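These notes are about the structure you will find just below.
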There are 2 protein chains.
Amino acid sequence: MATTRGELTRQAILDHAAGLAAQIGLEGLSIGRLAEDLKLSKSGLFAHFKSKEALQVQVLETTRQQFVDRVVKPGLTAPRGEPRLRALFDNWLAWGRGNAGGCLFVNTAIEFDDRPGPVRDLLVQNQRDWLDLLANTVRAGAREGHFDPELDPDQLAHELYGIMLGWTHAARLLRDPKVEERTRFAFEALLDRYRRK
Amino acid sequence: MATTRGELTRQAILDHAAGLAAQIGLEGLSIGRLAEDLKLSKSGLFAHFKSKEALQVQVLETTRQQFVDRVVKPGLTAPRGEPRLRALFDNWLAWGRGNAGGCLFVNTAIEFDDRPGPVRDLLVQNQRDWLDLLANTVRAGAREGHFDPELDPDQLAHELYGIMLGWTHAARLLRDPKVEERTRFAFEALLDRYRRK
DNA sequence: GACAGATACGAACGATCGTTCTATTCTCCA
DNA sequence: TGGAGAATAGAACGATCGTTCGTATCTGTC
């Protein structure tokens, strides 16, 4: 992976674009705006991607990598089962709080749920991977004796994602000061339902 | 309320725009596209609203009225307390399923959580009203003996909204065939936690 | 130090955006 | 029936969109 000059600017573009996209949407990204922000010419910037759609895809891929680095990998260092599920959840909350526009995947999920194409496809894959990771963590938790092995791990993952979406809504739109407390409460109640009795 | 000619076309515009906005977003709405769809001139259509932002606000108001008619009002005919909460929830699911682009409020919530202005303000008000309605229904349910009066109705409303958002994500992005069943399961589990023991 | 390829620029393309005019056409009441 | 005012149309505005093309500058190699 030779870090040539073009590769450096490409990454700089993608980093900036990823931050911007979380705030104004992947569709709201514009080549001109990006070029101006980064003091490049429109055509010079465009040449790195050949199309806006390719830029959008690469922005998603960049963000996915950041997500893995900041949420998934540190989460996997926690002991498997419930502690790992808690770590993943905590990291996700920190991720949502830490990004200026919130979680790009959550935003893009709604932006593209009606727009077929490679962006949507990639997004679906990312979300499935994340839900599968959560569900598998629950499965391991059942083997460890943390969770009731009779209950459906995919259902837990689905509900957990709903809690995260609820956090997004209350934190970012409503600016609810109790959002943290409400989210934790919901999380604990969910775990409790799935705990081995 | 004199139903003049201009008022008729205005409503026709708003009805079409509301459907379109749910699919491509409030920001994605364009005067030219609307004019073409409705066989009007751009300027003729524009004259009804004087600005795109005013159009967006009125689209939200139109949708709010539809929401009241199709979700809230029929819900209020159910007996107060738990039955009413169930009716509201069922109607909301039907509303989400019935609209081509999903729930406009959910979509716009994410589109505008970073964009200050009258559209965002109106949206916040709508969402607060809806959450308050849910919470008040729970409060009434506690008085009826359906729910535990020690538990926080606003928390239940918040979690209920998270379940709805989870439905949106699984149904519209992931096209999860089990979304209905998962959503119902989560809803029942939530009610169970809040039931008077 | 010259050459080759990668990288960036500037100008321009047609299309569309929201918005502003002026000029029609319609509607309805005196 | 004529005239006032509402409703729509048409043309044009400056701006921005994604994209293309030809040209210049840089970078690293022989």
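Residue numbers start at 1 in each chain; chains themselves are named A, B, ... in the order of the structure tokens; ligands are numbered from 1 in the order shown.
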Quick one: residues within 12 Å of DC21 of chain D, only C-alpha atoms (C1' of nucleotides), excluding same-chain residues fewer than 6 positions away - as a PDB file with N, CA and C atoms (P, O5', C5', C4', C3', O3' and C1' of nucleotides), in the first residue's frame?
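Ended up saving to result22.pdb:
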ATOM      1  N   SER A  43     -12.321  20.147 -10.591  1.00  0.00           N
ATOM      2  CA  SER A  43     -11.930  19.063 -11.495  1.00  0.00           C
ATOM      3  C   SER A  43     -10.821  18.202 -10.898  1.00  0.00           C
TER       4      SER A  43
ATOM      5  P    DC C   9      -5.503  22.104  -7.482  1.00  0.00           P
ATOM      6  O5'  DC C   9      -5.579  22.886  -8.872  1.00  0.00           O
ATOM      7  C5'  DC C   9      -4.380  23.408  -9.436  1.00  0.00           C
ATOM      8  C4'  DC C   9      -4.669  23.975 -10.818  1.00  0.00           C
ATOM      9  C3'  DC C   9      -5.920  24.840 -10.877  1.00  0.00           C
ATOM     10  O3'  DC C   9      -5.565  26.128 -11.338  1.00  0.00           O
ATOM     11  C1'  DC C   9      -5.883  23.247 -12.653  1.00  0.00           C
ATOM     12  P    DG C  10      -6.481  27.410 -11.049  1.00  0.00           P
ATOM     13  O5'  DG C  10      -7.147  27.630 -12.489  1.00  0.00           O
ATOM     14  C5'  DG C  10      -6.337  27.463 -13.636  1.00  0.00           C
ATOM     15  C4'  DG C  10      -7.167  27.698 -14.879  1.00  0.00           C
ATOM     16  C3'  DG C  10      -8.417  28.542 -14.669  1.00  0.00           C
ATOM     17  O3'  DG C  10      -8.530  29.428 -15.769  1.00  0.00           O
ATOM     18  C1'  DG C  10      -9.036  26.397 -15.490  1.00  0.00           C
ATOM     19  P    DA C  11      -9.732  30.499 -15.891  1.00  0.00           P
ATOM     20  O5'  DA C  11     -10.610  29.817 -17.053  1.00  0.00           O
ATOM     21  C5'  DA C  11      -9.937  29.156 -18.123  1.00  0.00           C
ATOM     22  C4'  DA C  11     -10.943  28.441 -19.000  1.00  0.00           C
ATOM     23  C3'  DA C  11     -12.315  29.121 -19.056  1.00  0.00           C
ATOM     24  O3'  DA C  11     -12.749  29.162 -20.407  1.00  0.00           O
ATOM     25  C1'  DA C  11     -12.569  26.855 -18.447  1.00  0.00           C
ATOM     26  P    DA C  12     -14.024  30.051 -20.892  1.00  0.00           P
ATOM     27  O5'  DA C  12     -15.110  28.929 -21.219  1.00  0.00           O
ATOM     28  C5'  DA C  12     -14.742  27.865 -22.080  1.00  0.00           C
ATOM     29  C4'  DA C  12     -15.653  26.686 -21.830  1.00  0.00           C
ATOM     30  C3'  DA C  12     -17.141  27.026 -21.822  1.00  0.00           C
ATOM     31  O3'  DA C  12     -17.717  26.671 -23.072  1.00  0.00           O
ATOM     32  C1'  DA C  12     -16.537  25.395 -20.171  1.00  0.00           C
ATOM     33  P    DC C  13     -19.271  26.813 -23.376  1.00  0.00           P
ATOM     34  O5'  DC C  13     -19.907  25.410 -22.951  1.00  0.00           O
ATOM     35  C5'  DC C  13     -19.389  24.212 -23.523  1.00  0.00           C
ATOM     36  C4'  DC C  13     -20.198  23.029 -23.005  1.00  0.00           C
ATOM     37  C3'  DC C  13     -21.631  23.355 -22.669  1.00  0.00           C
ATOM     38  O3'  DC C  13     -22.406  23.288 -23.873  1.00  0.00           O
ATOM     39  C1'  DC C  13     -20.672  22.080 -20.908  1.00  0.00           C
TER      40       DC C  13
END
Contact residues (chain B, partner chain A, 10 Å, only C-alpha atoms) as a VMD selection string:
chain B and resid 22 to 25 27 to 28 100 to 102 106 to 115 120 to 121 123 to 125 127 to 128 154 to 156 158 to 175 178 to 179 181 to 183 185 to 187 189 to 190 193
Go ahead and write the residues just picked, C-alpha atoms, as a PDB file, in the first residue's frame.
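The result, written out as result_13.pdb:
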ATOM      1  CA  ALA B  22     -41.367  11.191   2.343  1.00  0.00           C
ATOM      2  CA  GLN B  23     -39.384   9.511  -0.401  1.00  0.00           C
ATOM      3  CA  ILE B  24     -36.758  12.075  -1.372  1.00  0.00           C
ATOM      4  CA  GLY B  25     -36.704  14.318   1.670  1.00  0.00           C
ATOM      5  CA  GLU B  27     -34.749  19.306   1.083  1.00  0.00           C
ATOM      6  CA  GLY B  28     -34.875  17.156  -2.012  1.00  0.00           C
ATOM      7  CA  ALA B 100     -44.750   5.215   0.175  1.00  0.00           C
ATOM      8  CA  GLY B 101     -41.630   6.769   1.670  1.00  0.00           C
ATOM      9  CA  GLY B 102     -42.368   5.826   5.257  1.00  0.00           C
ATOM     10  CA  VAL B 106     -39.017  10.202  11.035  1.00  0.00           C
ATOM     11  CA  ASN B 107     -37.221  11.014   7.796  1.00  0.00           C
ATOM     12  CA  THR B 108     -37.258  14.748   8.343  1.00  0.00           C
ATOM     13  CA  ALA B 109     -36.127  14.357  11.933  1.00  0.00           C
ATOM     14  CA  ILE B 110     -32.785  13.086  10.721  1.00  0.00           C
ATOM     15  CA  GLU B 111     -32.610  15.425   7.748  1.00  0.00           C
ATOM     16  CA  PHE B 112     -33.090  18.517   9.892  1.00  0.00           C
ATOM     17  CA  ASP B 113     -31.511  17.674  13.218  1.00  0.00           C
ATOM     18  CA  ASP B 114     -28.525  19.767  12.151  1.00  0.00           C
ATOM     19  CA  ARG B 115     -30.404  22.530  10.308  1.00  0.00           C
ATOM     20  CA  ARG B 120     -36.737  22.078  12.478  1.00  0.00           C
ATOM     21  CA  ASP B 121     -38.705  24.005  15.082  1.00  0.00           C
ATOM     22  CA  LEU B 123     -40.678  19.254  13.628  1.00  0.00           C
ATOM     23  CA  VAL B 124     -39.522  19.335  17.222  1.00  0.00           C
ATOM     24  CA  GLN B 125     -42.923  20.567  18.290  1.00  0.00           C
ATOM     25  CA  GLN B 127     -42.455  15.124  17.946  1.00  0.00           C
ATOM     26  CA  ARG B 128     -42.890  16.513  21.444  1.00  0.00           C
ATOM     27  CA  ASP B 154     -42.069   9.548  29.549  1.00  0.00           C
ATOM     28  CA  GLN B 155     -39.563   6.728  29.649  1.00  0.00           C
ATOM     29  CA  LEU B 156     -42.128   4.365  28.198  1.00  0.00           C
ATOM     30  CA  HIS B 158     -39.282   7.255  24.651  1.00  0.00           C
ATOM     31  CA  GLU B 159     -38.745   3.521  24.400  1.00  0.00           C
ATOM     32  CA  LEU B 160     -41.903   3.120  22.373  1.00  0.00           C
ATOM     33  CA  TYR B 161     -40.592   5.620  19.891  1.00  0.00           C
ATOM     34  CA  GLY B 162     -37.361   3.642  19.712  1.00  0.00           C
ATOM     35  CA  ILE B 163     -39.381   0.563  18.793  1.00  0.00           C
ATOM     36  CA  MET B 164     -41.040   2.534  16.014  1.00  0.00           C
ATOM     37  CA  LEU B 165     -37.684   3.707  14.749  1.00  0.00           C
ATOM     38  CA  GLY B 166     -36.466   0.134  14.852  1.00  0.00           C
ATOM     39  CA  TRP B 167     -39.425  -0.818  12.719  1.00  0.00           C
ATOM     40  CA  THR B 168     -38.523   1.888  10.206  1.00  0.00           C
ATOM     41  CA  HIS B 169     -34.942   0.712   9.978  1.00  0.00           C
ATOM     42  CA  ALA B 170     -35.715  -2.980   9.654  1.00  0.00           C
ATOM     43  CA  ALA B 171     -38.699  -2.562   7.365  1.00  0.00           C
ATOM     44  CA  ARG B 172     -37.531   0.129   5.009  1.00  0.00           C
ATOM     45  CA  LEU B 173     -33.780  -0.323   4.782  1.00  0.00           C
ATOM     46  CA  LEU B 174     -33.251  -3.974   5.591  1.00  0.00           C
ATOM     47  CA  ARG B 175     -36.592  -5.224   4.238  1.00  0.00           C
ATOM     48  CA  LYS B 178     -39.651 -10.607  10.358  1.00  0.00           C
ATOM     49  CA  VAL B 179     -39.964  -6.915  11.128  1.00  0.00           C
ATOM     50  CA  GLU B 181     -43.132  -9.970  14.448  1.00  0.00           C
ATOM     51  CA  ARG B 182     -40.037  -8.408  16.015  1.00  0.00           C
ATOM     52  CA  THR B 183     -41.793  -5.110  16.484  1.00  0.00           C
ATOM     53  CA  PHE B 185     -42.617  -8.769  20.358  1.00  0.00           C
ATOM     54  CA  ALA B 186     -40.711  -5.707  21.515  1.00  0.00           C
ATOM     55  CA  PHE B 187     -43.945  -3.822  22.081  1.00  0.00           C
ATOM     56  CA  ALA B 189     -42.252  -6.891  26.228  1.00  0.00           C
ATOM     57  CA  LEU B 190     -42.247  -3.163  26.860  1.00  0.00           C
ATOM     58  CA  ARG B 193     -42.391  -4.236  32.025  1.00  0.00           C
TER      59      ARG B 193
END
For chain C, which residues have at least one atom within 8 Å of chain A, if we go by only C-alpha atoms (C1' of nucleotides)? Write them as a list in words, please.
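Putting it all together, I get DA6, DT7, DA8 and DC9 of chain C.
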Taking only C-alpha atoms (C1' of nucleotides) into account and nothing else, which residues of chain D lie no more than 7 Å away from chain B? Please answer as a ChimeraX atom specification.
/D:7-9
Atoms to include: C-alpha atoms (C1' of nucleotides). Write the selected residues as an mmCIF file, in the first residue's frame.
data_model
loop_
_atom_site.group_PDB
_atom_site.id
_atom_site.type_symbol
_atom_site.label_atom_id
_atom_site.label_comp_id
_atom_site.auth_asym_id
_atom_site.auth_seq_id
_atom_site.Cartn_x
_atom_site.Cartn_y
_atom_site.Cartn_z
ATOM 1 C "C1'" DA D 7 -54.391 32.705 -10.383
ATOM 2 C "C1'" DT D 8 -51.308 31.061 -13.772
ATOM 3 C "C1'" DA D 9 -47.894 31.397 -17.394
#
I'd like to know which residues of segment 25-175 of chain B are helix (DSSP H, G or I) (by DSSP, run on the backbone); could you write them as a compact mmCIF listing (two decimals) with N, CA and C atoms, in the first residue's frame?
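Output below, filename part_36.txt:
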# COMPACT_ATOMS: atom_id res chain seq x y z
N ILE B 31 -39.06 22.82 -6.79
CA ILE B 31 -40.21 23.50 -7.36
C ILE B 31 -40.45 23.01 -8.80
N GLY B 32 -39.37 22.89 -9.55
CA GLY B 32 -39.49 22.47 -10.94
C GLY B 32 -40.10 21.09 -11.07
N ARG B 33 -39.63 20.17 -10.25
CA ARG B 33 -40.16 18.81 -10.26
C ARG B 33 -41.65 18.79 -9.92
N LEU B 34 -42.00 19.52 -8.88
CA LEU B 34 -43.41 19.57 -8.48
C LEU B 34 -44.27 20.16 -9.59
N ALA B 35 -43.78 21.25 -10.20
CA ALA B 35 -44.54 21.90 -11.27
C ALA B 35 -44.76 20.95 -12.43
N GLU B 36 -43.72 20.22 -12.77
CA GLU B 36 -43.83 19.28 -13.88
C GLU B 36 -44.84 18.17 -13.56
N ASP B 37 -44.72 17.59 -12.37
CA ASP B 37 -45.65 16.54 -11.97
C ASP B 37 -47.09 17.00 -12.03
N LYS B 42 -43.51 26.64 -13.14
CA LYS B 42 -42.70 26.83 -11.93
C LYS B 42 -43.16 28.07 -11.16
N SER B 43 -43.29 29.17 -11.92
CA SER B 43 -43.61 30.43 -11.25
C SER B 43 -45.03 30.41 -10.68
N GLY B 44 -45.95 29.76 -11.41
CA GLY B 44 -47.32 29.67 -10.92
C GLY B 44 -47.38 28.90 -9.62
N LEU B 45 -46.63 27.80 -9.56
CA LEU B 45 -46.60 27.02 -8.34
C LEU B 45 -45.92 27.79 -7.22
N PHE B 46 -44.80 28.39 -7.58
CA PHE B 46 -44.01 29.11 -6.58
C PHE B 46 -44.84 30.21 -5.90
N LYS B 52 -39.24 28.43 -0.77
CA LYS B 52 -39.21 26.98 -0.62
C LYS B 52 -39.38 26.58 0.84
N GLU B 53 -38.82 27.39 1.72
CA GLU B 53 -38.94 27.06 3.14
C GLU B 53 -40.40 27.08 3.59
N ALA B 54 -41.16 28.06 3.08
CA ALA B 54 -42.58 28.12 3.42
C ALA B 54 -43.30 26.88 2.89
N LEU B 55 -42.90 26.44 1.71
CA LEU B 55 -43.47 25.21 1.17
C LEU B 55 -43.19 24.03 2.09
N GLN B 56 -41.94 23.93 2.54
CA GLN B 56 -41.56 22.83 3.43
C GLN B 56 -42.39 22.85 4.71
N VAL B 57 -42.55 24.03 5.27
CA VAL B 57 -43.33 24.15 6.50
C VAL B 57 -44.76 23.69 6.26
N GLN B 58 -45.33 24.10 5.14
CA GLN B 58 -46.72 23.74 4.87
C GLN B 58 -46.87 22.27 4.54
N VAL B 59 -45.85 21.68 3.95
CA VAL B 59 -45.88 20.23 3.73
C VAL B 59 -45.92 19.51 5.08
N LEU B 60 -45.12 19.98 6.02
CA LEU B 60 -45.13 19.38 7.35
C LEU B 60 -46.50 19.54 8.01
N GLU B 61 -47.08 20.71 7.83
CA GLU B 61 -48.39 20.94 8.45
C GLU B 61 -49.46 20.05 7.81
N THR B 62 -49.39 19.90 6.51
CA THR B 62 -50.32 18.99 5.82
C THR B 62 -50.17 17.57 6.35
N THR B 63 -48.94 17.14 6.49
CA THR B 63 -48.70 15.77 6.96
C THR B 63 -49.14 15.62 8.41
N ARG B 64 -48.94 16.66 9.19
CA ARG B 64 -49.39 16.60 10.58
C ARG B 64 -50.90 16.38 10.64
N GLN B 65 -51.61 17.07 9.77
CA GLN B 65 -53.06 16.92 9.76
C GLN B 65 -53.45 15.50 9.38
N GLN B 66 -52.76 14.95 8.39
CA GLN B 66 -53.03 13.56 7.98
C GLN B 66 -52.73 12.60 9.13
N PHE B 67 -51.64 12.89 9.84
CA PHE B 67 -51.27 12.04 10.97
C PHE B 67 -52.35 12.05 12.05
N VAL B 68 -52.85 13.25 12.32
CA VAL B 68 -53.93 13.38 13.31
C VAL B 68 -55.16 12.59 12.85
N ASP B 69 -55.48 12.72 11.59
CA ASP B 69 -56.69 12.06 11.08
C ASP B 69 -56.57 10.54 11.05
N ARG B 70 -55.38 10.07 10.72
CA ARG B 70 -55.25 8.64 10.49
C ARG B 70 -54.67 7.87 11.66
N VAL B 71 -53.99 8.57 12.56
CA VAL B 71 -53.37 7.87 13.68
C VAL B 71 -53.99 8.30 15.02
N VAL B 72 -53.98 9.60 15.27
CA VAL B 72 -54.39 10.08 16.59
C VAL B 72 -55.89 9.94 16.82
N LYS B 73 -56.69 10.54 15.92
CA LYS B 73 -58.14 10.55 16.14
C LYS B 73 -58.74 9.16 16.27
N PRO B 74 -58.45 8.26 15.33
CA PRO B 74 -58.99 6.90 15.51
C PRO B 74 -58.47 6.23 16.77
N GLY B 75 -57.26 6.59 17.18
CA GLY B 75 -56.73 6.01 18.41
C GLY B 75 -57.51 6.47 19.63
N LEU B 76 -57.98 7.70 19.58
CA LEU B 76 -58.67 8.25 20.75
C LEU B 76 -60.06 7.65 20.95
N GLU B 82 -54.37 1.27 28.42
CA GLU B 82 -53.66 0.34 27.56
C GLU B 82 -54.31 0.12 26.20
N PRO B 83 -55.63 -0.06 26.13
CA PRO B 83 -56.22 -0.27 24.80
C PRO B 83 -55.94 0.91 23.87
N ARG B 84 -55.98 2.10 24.40
CA ARG B 84 -55.73 3.27 23.57
C ARG B 84 -54.27 3.31 23.12
N LEU B 85 -53.38 2.93 24.03
CA LEU B 85 -51.96 2.91 23.66
C LEU B 85 -51.74 1.89 22.53
N ARG B 86 -52.39 0.76 22.65
CA ARG B 86 -52.28 -0.26 21.59
C ARG B 86 -52.83 0.26 20.27
N ALA B 87 -53.96 0.94 20.35
CA ALA B 87 -54.57 1.46 19.12
C ALA B 87 -53.64 2.48 18.46
N LEU B 88 -53.08 3.37 19.28
CA LEU B 88 -52.17 4.38 18.73
C LEU B 88 -50.97 3.71 18.08
N PHE B 89 -50.47 2.70 18.73
CA PHE B 89 -49.30 2.00 18.19
C PHE B 89 -49.65 1.29 16.88
N ASP B 90 -50.78 0.60 16.88
CA ASP B 90 -51.22 -0.08 15.65
C ASP B 90 -51.40 0.92 14.52
N ASN B 91 -52.03 2.02 14.82
CA ASN B 91 -52.28 3.03 13.78
C ASN B 91 -50.96 3.60 13.26
N TRP B 92 -50.02 3.75 14.18
CA TRP B 92 -48.73 4.28 13.74
C TRP B 92 -48.04 3.31 12.78
N LEU B 93 -48.12 2.02 13.11
CA LEU B 93 -47.52 1.02 12.22
C LEU B 93 -48.20 1.06 10.85
N ALA B 94 -49.51 1.16 10.85
CA ALA B 94 -50.25 1.21 9.59
C ALA B 94 -49.85 2.47 8.80
N TRP B 95 -49.66 3.55 9.52
CA TRP B 95 -49.22 4.81 8.91
C TRP B 95 -47.85 4.66 8.27
N GLY B 96 -46.95 4.02 8.99
CA GLY B 96 -45.60 3.81 8.45
C GLY B 96 -45.63 2.92 7.22
N ARG B 97 -46.44 1.87 7.28
CA ARG B 97 -46.55 0.96 6.14
C ARG B 97 -47.23 1.61 4.97
N GLY B 98 -48.25 2.43 5.27
CA GLY B 98 -49.11 2.97 4.23
C GLY B 98 -48.48 4.06 3.37
N LEU B 104 -42.92 10.63 7.19
CA LEU B 104 -42.20 11.86 6.86
C LEU B 104 -41.51 12.46 8.09
N PHE B 105 -42.13 12.34 9.24
CA PHE B 105 -41.55 12.94 10.44
C PHE B 105 -40.25 12.25 10.82
N VAL B 106 -40.24 10.95 10.73
CA VAL B 106 -39.02 10.20 11.04
C VAL B 106 -37.90 10.60 10.07
N ASN B 107 -38.24 10.66 8.79
CA ASN B 107 -37.22 11.01 7.80
C ASN B 107 -36.71 12.43 8.02
N THR B 108 -37.64 13.35 8.19
CA THR B 108 -37.26 14.75 8.34
C THR B 108 -36.51 14.99 9.65
N ALA B 109 -36.81 14.19 10.65
CA ALA B 109 -36.13 14.36 11.93
C ALA B 109 -34.62 14.23 11.76
N ILE B 110 -34.22 13.29 10.93
CA ILE B 110 -32.78 13.09 10.72
C ILE B 110 -32.23 14.09 9.73
N GLU B 111 -33.06 14.46 8.76
CA GLU B 111 -32.61 15.42 7.75
C GLU B 111 -32.36 16.79 8.38
N PRO B 118 -37.19 27.30 10.93
CA PRO B 118 -38.61 27.04 11.21
C PRO B 118 -39.01 25.59 10.94
N VAL B 119 -38.39 24.96 9.95
CA VAL B 119 -38.75 23.58 9.67
C VAL B 119 -38.38 22.69 10.85
N ARG B 120 -37.17 22.85 11.33
CA ARG B 120 -36.74 22.08 12.48
C ARG B 120 -37.60 22.36 13.70
N ASP B 121 -37.90 23.63 13.92
CA ASP B 121 -38.71 24.01 15.08
C ASP B 121 -40.07 23.33 15.06
N LEU B 122 -40.69 23.38 13.89
CA LEU B 122 -42.01 22.77 13.76
C LEU B 122 -41.93 21.27 14.00
N LEU B 123 -40.88 20.68 13.48
CA LEU B 123 -40.68 19.25 13.63
C LEU B 123 -40.53 18.86 15.10
N VAL B 124 -39.73 19.62 15.81
CA VAL B 124 -39.52 19.33 17.22
C VAL B 124 -40.85 19.41 17.97
N GLN B 125 -41.63 20.42 17.63
CA GLN B 125 -42.92 20.57 18.29
C GLN B 125 -43.83 19.36 18.02
N ASN B 126 -43.87 18.93 16.76
CA ASN B 126 -44.68 17.77 16.41
C ASN B 126 -44.25 16.54 17.21
N GLN B 127 -42.96 16.32 17.27
CA GLN B 127 -42.45 15.12 17.95
C GLN B 127 -42.73 15.18 19.44
N ARG B 128 -42.58 16.37 20.02
CA ARG B 128 -42.89 16.51 21.44
C ARG B 128 -44.36 16.22 21.70
N ASP B 129 -45.22 16.76 20.82
CA ASP B 129 -46.66 16.52 20.99
C ASP B 129 -46.97 15.03 20.95
N TRP B 130 -46.37 14.35 20.02
CA TRP B 130 -46.64 12.93 19.86
C TRP B 130 -46.14 12.15 21.08
N LEU B 131 -44.94 12.45 21.54
CA LEU B 131 -44.41 11.77 22.72
C LEU B 131 -45.26 12.09 23.95
N ASP B 132 -45.72 13.33 24.04
CA ASP B 132 -46.57 13.70 25.17
C ASP B 132 -47.89 12.94 25.14
N LEU B 133 -48.42 12.80 23.93
CA LEU B 133 -49.68 12.06 23.81
C LEU B 133 -49.49 10.63 24.29
N LEU B 134 -48.40 10.01 23.87
CA LEU B 134 -48.12 8.64 24.30
C LEU B 134 -47.97 8.59 25.82
N ALA B 135 -47.19 9.52 26.36
CA ALA B 135 -46.94 9.51 27.81
C ALA B 135 -48.23 9.74 28.58
N ASN B 136 -49.05 10.65 28.09
CA ASN B 136 -50.31 10.92 28.79
C ASN B 136 -51.26 9.73 28.72
N THR B 137 -51.20 9.01 27.62
CA THR B 137 -52.00 7.80 27.51
C THR B 137 -51.54 6.77 28.55
N VAL B 138 -50.24 6.73 28.76
CA VAL B 138 -49.71 5.82 29.78
C VAL B 138 -50.14 6.27 31.17
N ARG B 139 -50.08 7.56 31.40
CA ARG B 139 -50.51 8.09 32.70
C ARG B 139 -51.96 7.70 32.99
N ALA B 140 -52.81 7.86 31.98
CA ALA B 140 -54.21 7.48 32.15
C ALA B 140 -54.31 5.98 32.42
N GLY B 141 -53.44 5.22 31.75
CA GLY B 141 -53.43 3.78 31.95
C GLY B 141 -53.04 3.42 33.38
N ALA B 142 -52.18 4.22 33.97
CA ALA B 142 -51.80 3.96 35.37
C ALA B 142 -53.00 4.22 36.28
N ARG B 143 -53.74 5.28 35.98
CA ARG B 143 -54.93 5.59 36.79
C ARG B 143 -56.00 4.49 36.64
N PRO B 153 -43.84 7.46 32.77
CA PRO B 153 -44.52 7.38 31.48
C PRO B 153 -43.70 7.95 30.34
N ASP B 154 -42.90 8.98 30.61
CA ASP B 154 -42.07 9.55 29.55
C ASP B 154 -41.01 8.56 29.08
N GLN B 155 -40.52 7.75 30.03
CA GLN B 155 -39.56 6.73 29.65
C GLN B 155 -40.22 5.71 28.72
N LEU B 156 -41.43 5.32 29.06
CA LEU B 156 -42.13 4.37 28.20
C LEU B 156 -42.34 4.97 26.82
N ALA B 157 -42.75 6.23 26.77
CA ALA B 157 -42.97 6.88 25.47
C ALA B 157 -41.67 6.90 24.66
N HIS B 158 -40.58 7.23 25.33
CA HIS B 158 -39.28 7.26 24.65
C HIS B 158 -38.93 5.88 24.08
N GLU B 159 -39.10 4.87 24.87
CA GLU B 159 -38.75 3.52 24.40
C GLU B 159 -39.69 3.06 23.30
N LEU B 160 -40.94 3.48 23.40
CA LEU B 160 -41.90 3.12 22.37
C LEU B 160 -41.49 3.74 21.04
N TYR B 161 -41.04 4.96 21.12
CA TYR B 161 -40.59 5.62 19.89
C TYR B 161 -39.38 4.89 19.30
N GLY B 162 -38.51 4.42 20.18
CA GLY B 162 -37.36 3.64 19.71
C GLY B 162 -37.81 2.38 18.99
N ILE B 163 -38.85 1.76 19.47
CA ILE B 163 -39.38 0.56 18.79
C ILE B 163 -39.90 0.92 17.41
N MET B 164 -40.54 2.07 17.32
CA MET B 164 -41.04 2.53 16.01
C MET B 164 -39.88 2.82 15.07
N LEU B 165 -38.85 3.43 15.59
CA LEU B 165 -37.68 3.71 14.75
C LEU B 165 -37.02 2.41 14.31
N GLY B 166 -37.01 1.44 15.21
CA GLY B 166 -36.47 0.13 14.85
C GLY B 166 -37.28 -0.50 13.74
N TRP B 167 -38.57 -0.33 13.81
CA TRP B 167 -39.42 -0.82 12.72
C TRP B 167 -39.03 -0.16 11.39
N THR B 168 -38.89 1.16 11.41
CA THR B 168 -38.52 1.89 10.21
C THR B 168 -37.24 1.34 9.59
N HIS B 169 -36.24 1.18 10.45
CA HIS B 169 -34.94 0.71 9.98
C HIS B 169 -35.04 -0.69 9.38
N ALA B 170 -35.66 -1.59 10.11
CA ALA B 170 -35.72 -2.98 9.65
C ALA B 170 -36.64 -3.15 8.46
N ALA B 171 -37.72 -2.39 8.44
CA ALA B 171 -38.70 -2.56 7.36
C ALA B 171 -38.22 -1.89 6.09
N ARG B 172 -37.75 -0.67 6.20
CA ARG B 172 -37.53 0.13 5.01
C ARG B 172 -36.13 -0.04 4.44
N LEU B 173 -35.13 -0.13 5.31
CA LEU B 173 -33.78 -0.32 4.78
C LEU B 173 -33.49 -1.80 4.58
Mind checking which residues fall within 10 Å of DC28 of chain C, counting only C-alpha atoms (C1' of nucleotides), ignoring those fewer than 3 positions away in the same chain, and posting them as a ChimeraX atom specification?
/D:4-6
If we count only C-alpha atoms (C1' of nucleotides), what is near segment 14-21 of chain C at a cut-off of 8 Å, once residues fewer than 4 positions away on the same chain are taken out, given as a ChimeraX atom specification?
/B:30-31,51-52 /D:13,15-17
Just how far from atom CA of Gly117 of chain B is atom CA of Asn99 of chain B, in Å to one decimal?
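These two atoms are separated by 25.8 Å.
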d(atom CA of Asp192 of chain B, atom CA of Phe147 of chain B) in Å:
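Between atom CA of Asp192 of chain B and atom CA of Phe147 of chain B the gap works out to 8.8 Å.
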Would you work out the distance separating atom CA of Leu8 of chain B from atom C1' of DG10 of chain D, expressed in Å to one decimal?
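Interatomic distance here is 22.7 Å.
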